[in-house]
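Novice: Following this message is one structure expressed as structure tokens.
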Amino acid sequence: MRLGLLMLLPLLPLLLLQPYPAARALSYDPTWESLDSRPLPAWFDQAKFGIFIHWGVFSVPSFGSEWFWWYWQEEKRPKYVDFMNDNYPPGFKYEDFGVLFTAKYFNANQWVDILQASGAKYVVLTSKHHEGFTLWGSEHSWNWNAVDEGPKRDIVKELEVAVRNRSGLHFGLYYSLFEWFHPLFLEDQSGSFQKQRFPVSKALPELYELVNKYQPEVLWSDGDGGAPDHYWNSTDFLAWLYNESPVRDTVVTNDRWGAGSICKHGGYYTCSDRYNPGHLLPHKWENCMTIDQFSWGYRREAELSDYLTIEELVKQLVETVACGGNLLMNIGPTVDGIIPVIFEERLRQMGSWLKVNGEAIYATHTWRSQNDTVTPDVWYTSKPEKKLVYAIFLKWPISGKLFLEQPIGSLGETEVDQAERWVSNPALKHSLHTWICRTAGPWTATDLDIFKAQGHYSGVASSVRSSDAL
């Protein structure tokens with residue numbers, strides 16, 4: 001099987017400016033106009049790739065979806081009703097799953113080692129999903145949290161400590177604003193959100209608690225429950241987060257802060273789950289997606305074909321970064337805290353690819369063209385400060401020749417340099433050889449090779465020097 005191959009094109013002066021400068025010490029008002037003017041901390045755009053982790057009580061039934069409770073109790077979907085009738089006694093309630101959420105084999109250090117091996121630069125853990133169960137000992141979620149029930153452990157703290165002690169990953173937390181069946185939210189909802197009992201007594205205190213206690217550098221909000229941002233008091237909270245919180249200089253936030261805010265307000269845009277527009281956007285964005293195509297949480301009934309292949313995942317990463325986005329790739333651990341081997345394999349495969357090709361991903365910028373107009377499955381990134389443009393090609397042409405339309409060479413200044421990448425297995429060593437090309441206009445690279453070693457895929461790179469700029 002063949003994976004993405006990258007071509008490195010060092011070009012003379014590119015005029016791109018860094019579009020996402022580091023946050024400055026400014027004061028922000030609790031208005032969207034002011035909050036949206038905050039520059040996104042530079043680390044996030046440079047990171048490009050993160051890992052999402054969906055874990056909670058929904059991992060106990062581990063069937064169908066992390067929306068299990070809603071589909072079973074509210075929508076009464078037949079397959080969920082049948083699952084409960086076939087596997088649990090009459091009268092069994094969703095809350096009864098809490099004590100079964102043991103996290104018996106959860107080892108934060110082991111998780112971090114796997115995450116680090118993926119090549120990701122940040123991780124986002126679901127601190128609380130729509131079911132309301134918190135993975136820390138929330139003072140505002142009595143007896144429905146991981147310290148009082150189930151694991152009897154502060155999962156958030158254990159992972160935070162391991163991330164910061166064992167890796168260079170940025171630590172982030174997901175938090176669902178609403179809860180499906182919380183009586184205070186349902187009461188507010190029945191009154192068209194004219195009262196704010198739930199956010200005042202539950203959501204907002206937990207948000208402040210999370211930030212002050214665990215200092216996440218990504219705060220991934222979700223689940224507005226159809227309520228507007230003023231119901232959630234989002235702008236006041238974000239003003240505090242940006243002005244006074246312990247992470248005010250480094251934290252990044254997304255766009256899910258109330259009905260109508262998505263893809264419009266916030267630090268970076270997510271727009272929708274699995275959002276991948278395939279073209280350049282004027283605002284920093286993130287493609288949050290799942291390795292399991294049908295669920296964010298772990299599913300015991302998943303089939304092999306339900307999981308994206310490493311080729312498909314690399315394609316997602318390359319397309320996303322070429323269009324200015326970050327990729328947030330999701331995994332779902334089992335109820336006992338194990339990262340399933342298929343997720344671990346995908347993470348390590350991605351890490352192997354990034355070891356070779358990461359130069360064309362990390363800390364790159366978009367180029368004047370996102371993809372090639374002649375050859376399909378060729379995507380471009382750039383590093384203007386180094387006068388480099390990268391062409392990442394996902395398929396090798398049947399003809400054996402790669403034609404690139406977008407880079408424009410100049411007579412006497414364009415050349416293809418020989419470059420080498422060696423596989424890790426000495427018995428399978430191969431090198432890359434290219435022709436030297438000194439003609440102007442669209443150019444051709446030939447005699448490139450791609451190889452597989454020990455089950456891991458590696459790409460190879462060649463370079464072109466050109467006076468092409470924008």
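Chain labels A, B, ... are given in the sequence in which chains occur in the structure tokens; within each chain residues are numbered consecutively from 1, and ligands are likewise numbered from 1 in the order shown.
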Which neighbours of Gln189 in chain A fall inside 12 Å, counting only C-alpha atoms, when residues of the same chain fewer than 3 positions from it are skipped, and could you give them as a PyMOL selection string?
Specialist: chain A and resi 178-186+192-199+224-228+231
Novice: What are the closest atom pairs, with distances in Å to one decimal, for each residue of range 242-357 of chain A lying within 12 Å of range 43-60 of chain A, using only C-alpha atoms, rows by chain and rising residue number, as a tab-separated table?
Specialist:
```
residue	atom	partner	partner_atom	distance
A:Asp249	CA	A:Trp43	CA	10.9
A:Thr250	CA	A:Trp43	CA	8.0
A:Val251	CA	A:Phe44	CA	9.1
A:Val252	CA	A:Phe44	CA	7.4
A:Thr253	CA	A:Phe44	CA	10.2
A:Asn254	CA	A:Phe44	CA	11.5
A:Gly267	CA	A:Phe44	CA	10.3
A:Tyr268	CA	A:Phe44	CA	9.6
A:His283	CA	A:Asp45	CA	11.1
A:Lys284	CA	A:Asp45	CA	7.7
A:Trp285	CA	A:Asp45	CA	9.2
A:Glu286	CA	A:Lys48	CA	8.8
A:Asn287	CA	A:Phe49	CA	9.7
A:Cys288	CA	A:Phe52	CA	7.8
A:Met289	CA	A:Phe52	CA	8.5
A:Thr290	CA	A:Phe52	CA	8.5
A:Ile291	CA	A:Phe52	CA	10.3
A:Asp292	CA	A:His54	CA	11.7
A:Ser295	CA	A:His54	CA	9.6
A:Trp296	CA	A:His54	CA	6.0
A:Gly297	CA	A:His54	CA	5.4
A:Tyr298	CA	A:Ser59	CA	6.2
A:Arg299	CA	A:Ser59	CA	7.9
A:Arg300	CA	A:Ser59	CA	9.5
A:Leu313	CA	A:Phe49	CA	11.5
A:Val314	CA	A:Phe49	CA	11.0
A:Gln316	CA	A:Phe49	CA	10.8
A:Leu317	CA	A:Phe49	CA	7.7
A:Val318	CA	A:Lys48	CA	9.9
A:Glu319	CA	A:Lys48	CA	11.5
A:Thr320	CA	A:Lys48	CA	8.8
A:Val321	CA	A:Lys48	CA	6.6
A:Ala322	CA	A:Lys48	CA	10.2
A:Cys323	CA	A:Lys48	CA	11.2
A:Gly324	CA	A:Asp45	CA	8.4
A:Gly325	CA	A:Lys48	CA	7.1
A:Asn326	CA	A:Lys48	CA	4.4
A:Leu327	CA	A:Phe49	CA	4.9
A:Leu328	CA	A:Gly50	CA	4.6
A:Met329	CA	A:Ile51	CA	4.9
A:Asn330	CA	A:Phe52	CA	4.2
A:Ile331	CA	A:Ile53	CA	5.3
A:Gly332	CA	A:His54	CA	5.1
A:Pro333	CA	A:Trp55	CA	6.2
A:Thr334	CA	A:Ser59	CA	6.0
A:Val335	CA	A:Ser59	CA	4.9
A:Asp336	CA	A:Val60	CA	8.6
A:Gly337	CA	A:Trp55	CA	8.6
A:Ile338	CA	A:Trp55	CA	10.6
A:Ile339	CA	A:Ile53	CA	9.8
A:Phe343	CA	A:Ile53	CA	10.9
A:Glu344	CA	A:Ile51	CA	11.7
A:Arg346	CA	A:Ile51	CA	11.6
A:Leu347	CA	A:Ile51	CA	9.0
A:Met350	CA	A:Phe49	CA	10.3
A:Gly351	CA	A:Phe49	CA	10.6
A:Leu354	CA	A:Phe49	CA	10.2
```
Novice: Do you have the CA of Trp353 in chain A-CA of Pro376 in chain A distance handy?
Specialist: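 Atom-to-atom, CA of Trp353 in chain A and CA of Pro376 in chain A are spaced 20.4 Å apart.
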Novice: Mind giving me the straight-line distance from CA of Gly278 in chain A to CA of Asn371 in chain A in Å, one decimal?
Specialist: 9.3 Å
Novice: Interatomic distance between CA of Gly260 in chain A and CA of Ala203 in chain A?
Specialist: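 Computing it gives 18.8 Å between the two atoms.
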Novice: Please, which residues of range 211-387 of chain A, numbered as in this document, come out helix (DSSP H, G or I) from DSSP, as a ChimeraX atom specification?
Specialist: /A:211-214,229-232,234-243,304-306,310-322,341-360,384-386
Novice: Extract, using only C-alpha atoms, all DNA, RNA and protein residues at most 9 Å from range 90-97 of chain A, discarding same-chain residues fewer than 4 positions from it, and format them as a ChimeraX atom specification.
Specialist: /A:57-58,60-61,69,73,84-85,101,144,150
Novice: Keeping only C-alpha atoms, write the selected residues to a file as a PDB file, in the first residue's frame.
Specialist:
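What follows is the written file selection-v5.pdb:
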```
ATOM      1  CA  VAL A  57     -20.288   6.264  31.312  1.00  0.00           C
ATOM      2  CA  PHE A  58     -21.410   5.698  27.711  1.00  0.00           C
ATOM      3  CA  VAL A  60     -19.998   0.930  29.711  1.00  0.00           C
ATOM      4  CA  PRO A  61     -22.708  -0.224  27.266  1.00  0.00           C
ATOM      5  CA  TRP A  69     -28.765   7.298  26.832  1.00  0.00           C
ATOM      6  CA  GLN A  73     -34.583   6.659  26.744  1.00  0.00           C
ATOM      7  CA  MET A  84     -31.066  -3.267  26.924  1.00  0.00           C
ATOM      8  CA  ASN A  85     -33.827  -5.880  26.961  1.00  0.00           C
ATOM      9  CA  PHE A 101     -17.503   2.463  34.833  1.00  0.00           C
ATOM     10  CA  TRP A 144     -22.314  11.562  39.410  1.00  0.00           C
ATOM     11  CA  GLY A 150     -17.127   4.116  39.389  1.00  0.00           C
TER      12      GLY A 150
END
```
Novice: Could you tell me which of A:Val123, A:Pro282, A:Lys213, A:Val112 comes closest to Lys264 in chain A if we count only C-alpha atoms?
Specialist: A:Pro282
Novice: Taking only C-alpha atoms into account, name the residue in A:Cys263, A:Ala162, A:Val99, A:Leu394 that is nearest to Asp36 in chain A.
Specialist: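 Ranking A:Cys263, A:Ala162, A:Val99, A:Leu394 by distance to Asp36 in chain A, first place goes to A:Cys263.
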Novice: Nearest to Thr126 in chain A: which of A:Trp111, A:Phe403, A:Trp220, A:Phe294 is it, counting only C-alpha atoms?
Specialist: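 Closest to Thr126 in chain A of all the choices is A:Trp220.
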Novice: Hey, what does DSSP flag as strand (DSSP E or B) within range 131-212 of chain A? Can you give it to me as a tab-separated table (two decimals) with all heavy atoms, in the first residue's frame?
Specialist:
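To be explicit, this is the file written out as part-v4.tsv:
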```tsv
chain	number	residue	atom	x	y	z
A	134	THR	N	-19.01	13.65	35.25
A	134	THR	CA	-17.74	14.36	35.14
A	134	THR	C	-16.57	13.43	35.46
A	134	THR	O	-16.66	12.60	36.38
A	134	THR	CB	-17.68	15.58	36.08
A	134	THR	OG1	-17.69	15.13	37.45
A	134	THR	CG2	-18.87	16.50	35.85
A	145	ASN	N	-19.92	11.57	39.39
A	145	ASN	CA	-18.59	11.95	38.93
A	145	ASN	C	-17.62	10.81	39.23
A	145	ASN	O	-17.92	9.91	40.02
A	145	ASN	CB	-18.12	13.24	39.61
A	145	ASN	CG	-17.92	13.10	41.10
A	145	ASN	OD1	-16.94	12.51	41.55
A	145	ASN	ND2	-18.85	13.64	41.89
A	170	HIS	N	0.15	19.68	24.41
A	170	HIS	CA	-0.69	20.67	25.09
A	170	HIS	C	-1.93	19.95	25.59
A	170	HIS	O	-2.55	19.17	24.85
A	170	HIS	CB	-1.07	21.80	24.14
A	170	HIS	CG	0.10	22.64	23.69
A	170	HIS	ND1	0.50	23.78	24.36
A	170	HIS	CD2	0.95	22.50	22.65
A	170	HIS	CE1	1.55	24.31	23.74
A	170	HIS	NE2	1.84	23.54	22.71
A	171	PHE	N	-2.32	20.25	26.82
A	171	PHE	CA	-3.44	19.55	27.47
A	171	PHE	C	-4.72	20.35	27.27
A	171	PHE	O	-4.78	21.54	27.54
A	171	PHE	CB	-3.16	19.38	28.96
A	171	PHE	CG	-4.25	18.67	29.71
A	171	PHE	CD1	-4.47	17.32	29.51
A	171	PHE	CD2	-5.05	19.35	30.62
A	171	PHE	CE1	-5.47	16.66	30.21
A	171	PHE	CE2	-6.05	18.71	31.32
A	171	PHE	CZ	-6.26	17.35	31.12
A	172	GLY	N	-5.77	19.66	26.80
A	172	GLY	CA	-7.05	20.31	26.57
A	172	GLY	C	-8.22	19.52	27.13
A	172	GLY	O	-8.13	18.31	27.33
A	173	LEU	N	-9.32	20.23	27.36
A	173	LEU	CA	-10.53	19.60	27.89
A	173	LEU	C	-11.76	19.98	27.09
A	173	LEU	O	-11.95	21.15	26.74
A	173	LEU	CB	-10.74	20.00	29.36
A	173	LEU	CG	-9.71	19.45	30.36
A	173	LEU	CD1	-9.94	20.07	31.73
A	173	LEU	CD2	-9.77	17.93	30.44
A	174	TYR	N	-12.57	18.98	26.81
A	174	TYR	CA	-13.90	19.15	26.24
A	174	TYR	C	-14.88	19.30	27.39
A	174	TYR	O	-14.76	18.63	28.42
A	174	TYR	CB	-14.23	17.93	25.39
A	174	TYR	CG	-15.69	17.74	25.02
A	174	TYR	CD1	-16.12	17.95	23.71
A	174	TYR	CD2	-16.61	17.29	25.95
A	174	TYR	CE1	-17.46	17.75	23.36
A	174	TYR	CE2	-17.94	17.08	25.61
A	174	TYR	CZ	-18.35	17.30	24.31
A	174	TYR	OH	-19.68	17.11	23.96
A	175	TYR	N	-15.90	20.16	27.21
A	175	TYR	CA	-16.93	20.30	28.23
A	175	TYR	C	-18.27	20.55	27.56
A	175	TYR	O	-18.42	21.49	26.76
A	175	TYR	CB	-16.61	21.46	29.18
A	175	TYR	CG	-17.64	21.64	30.28
A	175	TYR	CD1	-17.58	20.89	31.44
A	175	TYR	CD2	-18.69	22.55	30.12
A	175	TYR	CE1	-18.54	21.03	32.43
A	175	TYR	CE2	-19.65	22.71	31.11
A	175	TYR	CZ	-19.57	21.94	32.27
A	175	TYR	OH	-20.53	22.09	33.25
A	176	SER	N	-19.25	19.71	27.85
A	176	SER	CA	-20.61	19.90	27.34
A	176	SER	C	-21.35	20.87	28.24
A	176	SER	O	-21.49	20.64	29.45
A	176	SER	CB	-21.35	18.57	27.30
A	176	SER	OG	-22.72	18.78	26.96
```
Novice: Identify which of the residues A:Asp229, A:Glu131, A:Asp377, A:Glu33 lies closest to Trp70 in chain A, counting only C-alpha atoms when measuring atom-to-atom distances.
Specialist: A:Glu131
